[in-house]
>>> print(open('my_file-v2.cif').read())   # mmCIF, C-alpha atoms
data_coords
#
loop_
_atom_site.label_atom_id
_atom_site.label_comp_id
_atom_site.auth_asym_id
_atom_site.auth_seq_id
_atom_site.Cartn_x
_atom_site.Cartn_y
_atom_site.Cartn_z
CA MET A 1 84.24 82.32 64.80
CA PRO A 2 82.53 85.54 65.96
CA SER A 3 84.20 88.90 66.30
CA GLY A 4 84.85 90.03 69.86
CA ALA A 5 82.11 91.64 71.91
CA PRO A 6 82.20 95.45 72.23
CA ARG A 7 83.67 96.93 75.38
CA THR A 8 84.22 100.44 76.73
CA PRO A 9 87.93 101.10 77.08
CA VAL A 10 89.67 102.47 80.16
CA ILE A 11 91.80 105.36 78.98
CA GLY A 12 93.19 106.52 82.31
CA ALA A 13 92.72 106.47 86.04
CA LEU A 14 92.36 108.72 89.02
CA PHE A 15 93.13 107.93 92.63
CA ASP A 16 90.15 108.16 94.96
CA ASP A 17 91.69 109.26 98.25
CA ARG A 18 88.63 108.49 100.33
CA GLU A 19 88.20 104.93 99.08
CA ASP A 20 91.95 104.38 98.81
CA ARG A 21 91.77 102.96 95.33
CA TYR A 22 92.11 103.88 91.69
CA GLN A 23 88.98 104.52 89.68
CA PRO A 24 88.88 104.08 85.91
CA ILE A 25 88.39 106.85 83.39
CA PHE A 26 86.38 105.47 80.52
CA GLY A 27 86.77 106.26 76.85
CA PRO A 28 84.08 106.13 74.16
CA GLN A 29 81.21 103.76 74.96
CA ASN A 30 81.80 100.41 73.26
CA GLY A 31 84.85 101.95 71.63
CA ILE A 32 86.86 98.74 71.43
CA ARG A 33 86.23 95.05 70.99
CA LEU A 34 87.55 91.95 72.60
CA PRO A 35 89.83 90.01 70.26
CA ASP A 36 88.10 87.72 67.76
CA PHE A 37 86.89 84.44 69.17
CA TRP A 38 88.02 81.33 67.32
CA GLN A 39 87.60 77.78 68.55
CA LEU A 40 87.58 74.34 66.93
CA ASP A 41 85.62 71.60 68.73
CA LEU A 42 85.08 67.98 67.79
CA ARG A 43 82.41 65.63 69.06
CA VAL A 44 81.78 62.03 68.16
CA ASP A 45 78.92 60.06 69.61
CA ARG A 46 77.37 56.69 69.01
CA ALA A 47 74.13 55.20 70.22
CA PHE A 48 73.83 51.62 71.42
CA GLU A 49 70.42 50.00 71.69
CA LEU A 50 70.12 48.06 74.96
CA GLY A 51 67.06 45.94 74.28
CA ARG A 52 63.71 47.56 73.54
CA ARG A 53 63.55 50.00 76.43
CA ALA A 54 67.06 51.36 76.92
CA ARG A 55 69.54 53.27 74.83
CA LEU A 56 73.07 54.29 75.65
CA LEU A 57 74.59 57.32 74.00
CA ALA A 58 78.40 57.39 74.32
CA TYR A 59 80.44 60.37 73.22
CA VAL A 60 83.91 61.85 73.05
CA GLU A 61 84.28 65.63 73.02
CA LEU A 62 87.44 67.51 72.20
CA LEU A 63 87.04 71.21 73.05
CA ASN A 64 89.37 73.91 71.77
CA LEU A 65 91.45 71.51 69.70
CA THR A 66 93.97 74.20 68.81
CA ASN A 67 94.36 75.20 72.47
CA ARG A 68 93.81 78.85 71.53
CA ALA A 69 93.69 81.32 74.44
CA ASN A 70 90.46 83.04 73.49
CA ALA A 71 89.79 86.28 75.30
CA GLU A 72 86.61 86.15 77.35
CA GLU A 73 86.95 89.53 79.08
CA PHE A 74 89.38 92.36 79.74
CA ALA A 75 91.03 92.66 83.13
CA TYR A 76 92.99 95.60 84.50
CA SER A 77 95.71 96.07 87.06
CA ALA A 78 94.83 97.85 90.31
CA ASP A 79 95.94 101.21 88.92
CA PHE A 80 94.41 100.52 85.48
CA GLY A 81 97.85 100.99 83.97
CA GLU A 82 97.93 97.52 82.46
CA ARG A 83 95.28 95.63 80.55
CA GLY A 84 95.15 91.89 79.94
CA THR A 85 92.51 89.38 79.01
CA ILE A 86 90.85 86.57 80.87
CA SER A 87 91.07 83.61 78.57
CA GLY A 88 88.63 80.79 78.21
CA LEU A 89 89.08 77.05 78.45
CA PRO A 90 92.26 75.52 77.12
CA PHE A 91 92.13 72.22 75.21
CA PHE A 92 89.84 69.88 77.06
CA ALA A 93 88.79 66.32 76.40
CA ALA A 94 85.69 64.69 77.81
CA ILE A 95 84.31 61.19 77.57
CA GLY A 96 80.78 60.50 78.66
CA ALA A 97 77.68 58.45 78.25
CA ARG A 98 73.97 58.98 78.69
CA LEU A 99 71.53 56.24 79.46
CA GLU A 100 68.07 56.80 78.07
CA LEU A 101 65.27 54.66 79.49
CA MET B 102 76.82 63.95 82.63
CA ARG B 103 77.85 67.47 81.80
CA LEU B 104 78.20 68.52 85.42
CA GLY B 105 81.13 66.13 85.64
CA TRP B 106 83.31 68.30 83.46
CA VAL B 107 81.86 71.68 84.26
CA LEU B 108 83.45 71.68 87.71
CA PRO B 109 87.05 70.98 86.64
CA CYS B 110 86.61 73.49 83.82
CA ALA B 111 85.56 76.14 86.27
CA THR B 112 88.75 75.48 88.17
CA LEU B 113 90.78 75.83 85.01
CA PHE B 114 88.94 79.03 84.09
CA GLY B 115 90.03 80.63 87.32
CA ALA B 116 93.62 79.99 86.39
CA CYS B 117 93.29 81.97 83.16
CA LYS B 118 93.15 85.42 84.74
CA PRO B 119 96.19 87.57 83.95
CA SER B 120 98.52 88.50 86.75
CA PHE B 121 99.87 92.03 86.98
CA GLY B 122 103.18 92.56 88.65
CA GLU B 123 102.73 95.76 90.61
CA ASP B 124 101.51 95.51 94.20
CA PRO B 125 99.26 98.51 95.01
CA ALA B 126 100.69 98.68 98.53
CA LEU B 127 104.26 98.89 97.26
CA VAL B 128 105.57 102.42 96.80
CA SER B 129 108.13 102.26 94.01
CA ALA B 130 107.83 105.85 92.78
CA PRO B 131 106.70 109.14 94.31
CA ARG B 132 102.95 109.25 94.80
CA VAL B 133 100.31 110.85 97.00
CA LEU B 134 98.80 108.26 99.31
CA ALA B 135 96.29 110.41 101.14
CA VAL B 136 95.13 113.94 101.88
CA LYS B 137 94.11 115.26 105.26
CA SER B 138 91.69 118.14 105.73
CA ASP B 139 92.00 120.20 108.88
CA PRO B 140 89.31 120.68 110.05
CA ALA B 141 87.85 117.48 108.72
CA GLU B 142 84.50 119.15 108.09
CA ALA B 143 83.89 122.83 107.43
CA LYS B 144 81.30 125.21 106.08
CA PRO B 145 81.56 126.72 102.59
CA GLY B 146 83.92 129.66 102.61
CA ALA B 147 85.80 128.44 105.68
CA GLU B 148 89.58 128.13 105.59
CA VAL B 149 90.84 124.57 105.57
CA THR B 150 94.40 123.30 105.67
CA PHE B 151 95.05 120.39 103.34
CA THR B 152 98.11 118.19 103.74
CA ALA B 153 99.20 115.57 101.23
CA LEU B 154 101.04 112.45 102.29
CA VAL B 155 103.69 112.25 99.57
CA ALA B 156 105.41 108.89 99.66
CA ALA B 157 108.60 107.91 97.88
CA PRO B 158 111.21 105.17 98.19
CA PRO B 159 114.21 106.10 100.43
CA ASP B 160 116.49 106.66 97.44
CA ALA B 161 114.12 109.01 95.62
CA SER B 162 115.30 112.57 95.08
CA ASN B 163 113.89 115.77 93.60
CA LEU B 164 110.33 115.04 94.60
CA PRO B 165 107.80 116.98 92.54
CA THR B 166 105.63 119.57 94.27
CA PRO B 167 101.93 118.82 94.55
CA THR B 168 99.57 121.29 92.89
CA TRP B 169 96.00 121.67 94.09
CA HIS B 170 92.74 122.61 92.40
CA PHE B 171 89.12 122.63 93.50
CA CYS B 172 86.75 121.18 90.95
CA ASP B 173 83.51 123.08 90.37
CA ALA B 174 81.81 120.52 88.12
CA PRO B 175 79.03 118.49 89.76
CA ARG B 176 78.88 114.89 88.69
CA PRO B 177 76.01 114.25 86.25
CA VAL B 178 73.69 111.39 87.14
CA THR B 179 74.82 109.70 83.95
CA GLU B 180 78.30 109.19 85.41
CA ASN B 181 79.17 106.78 88.16
CA ASN B 182 82.70 107.77 89.00
CA VAL B 183 83.67 109.45 92.24
CA VAL B 184 83.90 112.85 90.55
CA SER B 185 82.67 114.31 87.29
CA ALA B 186 84.74 113.58 84.20
CA ALA B 187 84.86 117.37 83.81
CA CYS B 188 87.17 117.50 86.84
CA LEU B 189 89.85 116.12 84.52
CA ASP B 190 89.66 119.25 82.35
CA GLU B 191 91.35 122.55 83.13
CA ALA B 192 88.09 124.43 82.49
CA SER B 193 86.49 123.06 85.65
CA LEU B 194 89.44 123.58 87.97
CA LEU B 195 90.07 126.46 90.37
CA ALA B 196 93.65 126.87 91.56
CA ALA B 197 94.00 126.32 95.30
CA GLY B 198 97.77 126.35 95.78
CA ALA B 199 100.98 124.37 95.54
CA GLY B 200 103.06 122.52 98.08
CA THR B 201 102.70 119.58 100.41
CA THR B 202 100.45 121.68 102.66
CA ILE B 203 98.11 124.43 101.55
CA THR B 204 95.47 126.51 103.24
CA SER B 205 92.52 127.56 101.17
CA ALA B 206 88.90 128.55 101.64
CA LEU B 207 86.30 126.03 100.57
CA PRO B 208 84.34 127.41 97.62
CA ALA B 209 81.35 129.42 98.82
CA ASN B 210 78.99 127.58 96.47
CA ALA B 211 80.02 124.09 97.64
CA CYS B 212 76.59 123.30 99.11
CA SER B 213 74.80 124.21 95.89
CA LEU B 214 77.23 122.44 93.56
CA PHE B 215 77.84 119.38 95.70
CA GLY B 216 75.23 119.58 98.45
CA PRO B 217 71.50 119.76 99.03
CA ASP B 218 71.00 123.41 98.04
CA THR B 219 69.32 124.08 94.73
CA PRO B 220 72.10 124.15 92.15
CA PRO B 221 72.30 126.41 89.11
CA GLY B 222 71.64 125.08 85.64
CA GLY B 223 68.64 122.93 86.38
CA PHE B 224 70.57 120.16 88.10
CA ARG B 225 68.89 118.26 90.90
CA PRO B 226 70.33 118.70 94.40
CA ARG B 227 72.93 116.14 95.43
CA ASP B 228 72.24 113.19 97.65
CA PRO B 229 74.33 112.73 100.77
CA ASP B 230 76.68 109.79 101.08
CA ALA B 231 76.00 106.87 103.41
CA THR B 232 77.10 108.93 106.41
CA GLY B 233 74.94 111.92 105.50
CA GLY B 234 77.84 113.97 104.17
CA TYR B 235 78.45 116.21 101.18
CA PHE B 236 81.87 116.64 99.62
CA GLN B 237 83.81 119.22 97.63
CA PRO B 238 86.26 117.54 95.20
CA LEU B 239 89.86 118.67 95.46
CA ARG B 240 92.33 117.54 92.84
CA VAL B 241 96.01 116.99 93.63
CA ASP B 242 98.59 116.49 90.90
CA LEU B 243 102.08 115.20 91.49
CA GLY B 244 104.31 115.33 88.44
CA GLY B 245 102.84 113.31 85.61
CA ALA B 246 101.16 110.72 87.82
CA ASP B 247 97.45 109.98 87.76
CA PRO B 248 95.45 112.76 89.45
CA ILE B 249 94.37 112.26 93.06
CA PHE B 250 90.95 113.37 94.19
CA HIS B 251 90.31 114.24 97.81
CA LEU B 252 86.76 114.80 98.95
CA ALA B 253 86.56 117.56 101.54
CA ARG B 254 83.51 117.19 103.76
CA VAL B 255 81.30 120.26 103.69
CA SER B 256 78.77 121.23 106.35
CA CYS B 257 75.47 121.87 104.61
CA SER B 258 71.93 122.13 105.85
CA LEU B 259 69.81 119.03 106.28
CA ALA B 260 67.66 118.11 103.30
CA ASP B 261 64.30 116.34 103.10
CA ALA B 262 63.51 116.96 106.75
CA SER B 263 60.87 118.94 108.60
CA ALA B 264 61.86 122.18 110.31
CA ASP B 265 61.62 120.54 113.74
CA THR B 266 63.78 117.63 112.66
CA ALA B 267 66.33 119.95 111.08
CA THR B 268 66.51 121.97 114.28
CA ALA B 269 66.94 118.83 116.38
CA PHE B 270 69.57 117.50 114.01
CA ALA B 271 71.54 120.74 114.10
CA ALA B 272 71.56 120.58 117.89
CA GLN B 273 72.83 117.00 117.94
CA TYR B 274 75.24 116.86 115.02
CA ALA B 275 78.94 117.44 115.72
CA PRO B 276 81.18 118.14 112.70
CA ASN B 277 83.66 115.42 111.96
CA GLN B 278 87.05 115.48 113.65
CA ASN B 279 90.17 113.85 112.29
CA PRO B 280 91.22 110.68 114.11
CA ASN B 281 94.73 110.33 115.52
CA LEU B 282 97.01 107.38 114.91
CA LEU B 283 98.82 106.07 117.94
CA PRO B 284 102.43 104.86 117.53
CA LEU B 285 102.69 101.72 115.41
CA VAL B 286 103.71 98.53 117.18
CA ALA B 287 105.77 95.89 115.37
CA ARG B 288 106.12 92.38 116.79
CA MET B 289 107.70 89.12 115.85
CA ALA B 290 106.93 86.00 117.87
CA ASP B 291 105.38 88.12 120.63
CA ARG B 292 108.56 90.21 120.90
CA THR B 293 108.40 93.93 120.17
CA LEU B 294 110.72 94.94 117.35
CA GLU B 295 112.68 98.14 116.90
CA PHE B 296 112.16 99.66 113.46
CA SER B 297 115.91 100.12 113.20
CA ALA B 298 116.69 96.43 113.61
CA ILE B 299 114.40 94.21 111.62
CA PRO B 300 115.77 90.80 110.67
CA ARG B 301 115.97 90.02 106.97
CA GLY B 302 112.99 88.08 105.68
CA ALA B 303 111.16 88.44 109.01
CA ARG B 304 107.38 88.21 109.16
CA VAL B 305 106.50 91.23 111.23
CA GLU B 306 103.10 91.72 112.83
CA LEU B 307 102.01 95.35 112.56
CA GLU B 308 99.41 96.81 114.87
CA ALA B 309 97.99 100.26 114.25
CA SER B 310 95.70 101.73 116.89
CA TRP B 311 93.64 104.76 117.80
CA ASN B 312 91.79 106.04 120.83
CA ALA B 313 88.16 105.23 121.55
CA GLU B 314 87.06 108.84 120.97
CA ASP B 315 88.53 108.78 117.44
CA ALA B 316 85.76 106.46 116.27
CA GLU B 317 83.22 109.19 116.84
CA SER B 318 79.53 108.75 117.38
CA TYR B 319 77.48 111.11 115.26
CA ALA B 320 73.89 112.03 114.56
CA TYR B 321 72.54 110.58 111.35
CA PHE B 322 69.29 111.52 109.67
CA ASP B 323 67.55 108.62 107.93
CA PRO B 324 65.45 110.17 105.14
CA ALA B 325 63.35 107.01 104.74
CA SER B 326 62.13 106.86 108.33
CA GLN B 327 62.55 110.62 108.96
CA THR B 328 64.32 109.84 112.21
CA ILE B 329 67.61 110.86 113.75
CA THR B 330 69.77 108.01 114.96
CA THR B 331 73.22 107.78 116.45
CA ARG B 332 75.88 105.95 114.49
CA ARG B 333 79.53 105.26 115.08
CA GLU B 334 82.29 105.74 112.55
CA ALA B 335 83.90 102.76 110.87
CA MET B 336 87.71 102.94 110.83
CA ASN B 337 90.17 101.69 108.24
CA VAL B 338 93.95 101.65 108.08
CA ALA B 339 95.82 101.37 104.79
CA PHE B 340 99.41 100.12 104.91
CA TYR B 341 102.11 100.91 102.36
CA VAL B 342 105.77 99.92 102.17
CA SER B 343 108.67 100.68 99.87
CA ALA B 344 110.10 97.14 100.12
CA GLY B 345 108.97 93.71 101.22
CA LYS B 346 105.45 92.40 101.02
CA LEU B 347 102.29 93.12 103.00
CA ASP B 348 99.71 90.40 103.53
CA SER B 349 96.89 92.91 103.17
CA GLU B 350 96.63 96.41 101.74
CA SER B 351 94.29 97.54 104.49
CA SER B 352 92.29 96.40 107.46
CA GLY B 353 89.74 98.05 109.67
CA ARG B 354 86.74 97.96 111.92
CA ALA B 355 83.07 98.21 111.03
CA GLU B 356 80.68 100.57 112.81
CA ASP B 357 79.65 97.89 115.30
CA ASP B 358 83.17 96.67 115.99
CA LEU B 359 84.50 98.40 119.10
CA ALA B 360 88.10 97.22 118.73
CA LEU B 361 90.65 100.01 118.42
CA THR B 362 93.33 98.29 116.37
CA ALA B 363 93.98 97.22 112.80
CA ASP B 364 96.55 94.58 111.98
CA ASP B 365 98.68 93.50 109.08
CA ILE B 366 101.72 91.31 108.48
CA TRP B 367 104.74 92.56 106.61
CA THR B 368 107.41 90.25 105.27
CA ALA B 369 110.70 92.08 105.25
CA PRO B 370 112.94 91.82 102.18
CA ASP B 371 115.73 89.24 102.23
CA ALA B 372 118.47 91.81 101.60
CA ALA B 373 119.75 94.36 104.10
CA GLN B 374 118.44 97.80 103.19
CA SER B 375 116.50 100.83 104.35
CA ALA B 376 112.80 101.02 103.70
CA ARG B 377 109.80 103.14 104.58
CA LEU B 378 106.36 102.27 105.85
CA TRP B 379 103.30 104.49 105.72
CA LEU B 380 99.97 104.23 107.49
CA VAL B 381 96.76 106.05 106.65
CA LEU B 382 93.89 105.95 109.11
CA ARG B 383 90.52 106.92 107.67
CA ASP B 384 87.17 107.27 109.38
CA SER B 385 83.97 106.69 107.45
CA ARG B 386 83.03 110.38 107.48
CA GLY B 387 86.13 111.38 105.56
CA GLY B 388 88.54 112.25 108.35
CA SER B 389 92.08 110.91 108.25
CA ASP B 390 95.48 110.81 109.86
CA PHE B 391 98.74 109.40 108.61
CA ALA B 392 102.21 108.49 109.77
CA SER B 393 105.43 107.17 108.28
CA TYR B 394 108.30 105.14 109.70
CA ASN B 395 111.87 104.58 108.58
CA LEU B 396 112.83 100.93 108.69
CA HIS B 397 116.21 99.28 108.55
CA ILE B 398 116.44 95.67 107.55
CA GLY B 399 119.69 94.00 108.35
CA PRO B 400 122.45 93.45 109.02
#
>>> encode(input="my_file-v2.cif", output="C-alpha cells")
Amino acid sequence: MPSGAPRTPVIGALFDDREDRYQPIFGPQNGIRLPDFWQLDLRVDRAFELGRRARLLAYVELLNLTNRANAEEFAYSADFGERGTISGLPFFAAIGARLEL
Amino acid sequence: MRLGWVLPCATLFGACKPSFGEDPALVSAPRVLAVKSDPAEAKPGAEVTFTALVAAPPDASNLPTPTWHFCDAPRPVTENNVVSAACLDEASLLAAGAGTTITSALPANACSLFGPDTPPGGFRPRDPDATGGYFQPLRVDLGGADPIFHLARVSCSLADASADTATAFAAQYAPNQNPNLLPLVARMADRTLEFSAIPRGARVELEASWNAEDAESYAYFDPASQTITTRREAMNVAFYVSAGKLDSESSGRAEDDLALTADDIWTAPDAAQSARLWLVLRDSRGGSDFASYNLHIGP
C-alpha cells in the first residue's frame, strides 16, 4: 500500500495556433501525487512431484480482490480542462501450472 | 505461463483510460481558432496585419473582442513549452491592439530575442525551427478563455553559415507567403451537396483544396552539412464544426506528397438546425488561410 507517485500538475493551458493544439501550463514540479495505491492479492500454489525428475507447480492467483480502481497515471482532456486517472487492472483471476524438469 | 494472462490484461488496461466529453473540433463557445499574419513573414519593425478567426456557434451573441500583445520574453532552455512561461505574465507583454484585425509593427528586437542575433542578458541565440524560421510570439486573449499564442515568422539573418553561403542563401530564399484555400466541396455518395440543404444525419465528405503554388518550395540551410537545399512546404487543414461530428480534427499532406487536397467526413446532426463549419489551412512555415461556411441541416 504505497502512497502515490509524485507528479507535476497542469494548472492551465494555452492554445498553440501553429500546432493547432493546447499546450499545458505546469505548476510546481512534483507538486501533487497520484492517489494512494492499495491492492489485495491472493495466491495459492501447490507442488506435485511427478516421479524423480519432474515437478508440477499449480497455482491460483486472485489479483485486486477488492476490485479497486487504482490510479496508475493522470490523463487530461485535449484542452487540459479536465483531469482523470488511468486505472490499473480490475479484479483478475488466473489459474496456471509450471512443469519443472 | 505468465504470458497467457499478460495479453488479456493489457487489453483490459486499455479500457481503463478516462473519456472526456468535449470534442476539440466542436465549437460550443466563442474561441479563436487561428491567426493569420499578412505578410506571413516580415522583418523586425515591419508592419504586419494580424487577423483572428473567431468562431462561435450560430446562436452566440455579444462576442468578446480579442486583445493582442507581443511577448518579449525568450523561452529559457529549461522550458519546453511553445513560449516562455513569462508570456503568461503582464510584465512581459507589449500591447499590440484590440479587435478581430489589427496592424502592428513587429518588435525591432525580434531577431535578438527570438532569432539568431546575440541576445541581451547572456542568453544564447535561438535555434531555428525545422523549416529554418524564427518566430515572435503574439498573444491573443478572448474573454476569459485560455490565451492563444500565434507565432509570427520573422526574417532574420542566417546563422552558423559562411559569408558565401549566407549570400547565396539570401539570393535564393523567398519569404513565406500565405496559402489560399479554394472553395470547400461537400459530397455525399458522389453527389455534390449544397451547404444550405444537408440531410439530417448525413455522412458528408469534405474536400478542402489549394493551388500548387501554395505549397511553396523554399531554400533551406542545413547547418549540419552546411548546404542549401530546396524543400517544399507541408500543408495541413484543420476542420471545426458547431454541430455534428467530424471523423478527424485535421488532415494534410507531407512535404513529399504533391496532392492538393485534404479530406474529412462530417456526420450531420440528426435534428434540423443551422450550423457553422470552419477550415484553417496551415503551411509548415507558419502561413495560414481560413474560411467559414454556414450550414443548414434539414428539413
>>> resolve_selection(input="my_file-v2.cif", expression="the PyMOL selection byres ((chain A) within 7 of (chain B))", output="PyMOL selection string")
chain A and resi 13-18+77-78+84-89+96+98
>>> resolve_selection(input="my_file-v2.cif", expression="the PyMOL selection byres ((chain B and resi 207) around 8)", output="list in words")
Ala143, Lys144, Pro145, Gly146, Ala147, Glu148, Val149, Ser205, Ala206, Pro208, Ala209, Ala211 and Gln237 of chain B
>>> atom_distance(input="my_file-v2.cif", atom1="atom CA of B:Lys346", atom2="atom CA of B:Asp315")
28.7 Å
>>> closest_residue(input="my_file-v2.cif", among="A:Gly4, A:Phe92, A:Pro35, A:Gln29", to="A:Thr66", atoms="only C-alpha atoms")
A:Phe92
>>> atom_distance(input="my_file-v2.cif", atom1="atom CA of A:Tyr76", atom2="atom CA of A:Gly27")
14.5 Å
>>> atom_distance(input="my_file-v2.cif", atom1="atom CA of A:Asn67", atom2="atom CA of A:Ala5")
20.5 Å
>>> residues_around(input="my_file-v2.cif", residues="A:Phe48", least_positions_apart="3", cutoff="9 Å", atoms="all atoms listed in the file", output="PyMOL selection string")
chain A and resi 54-58
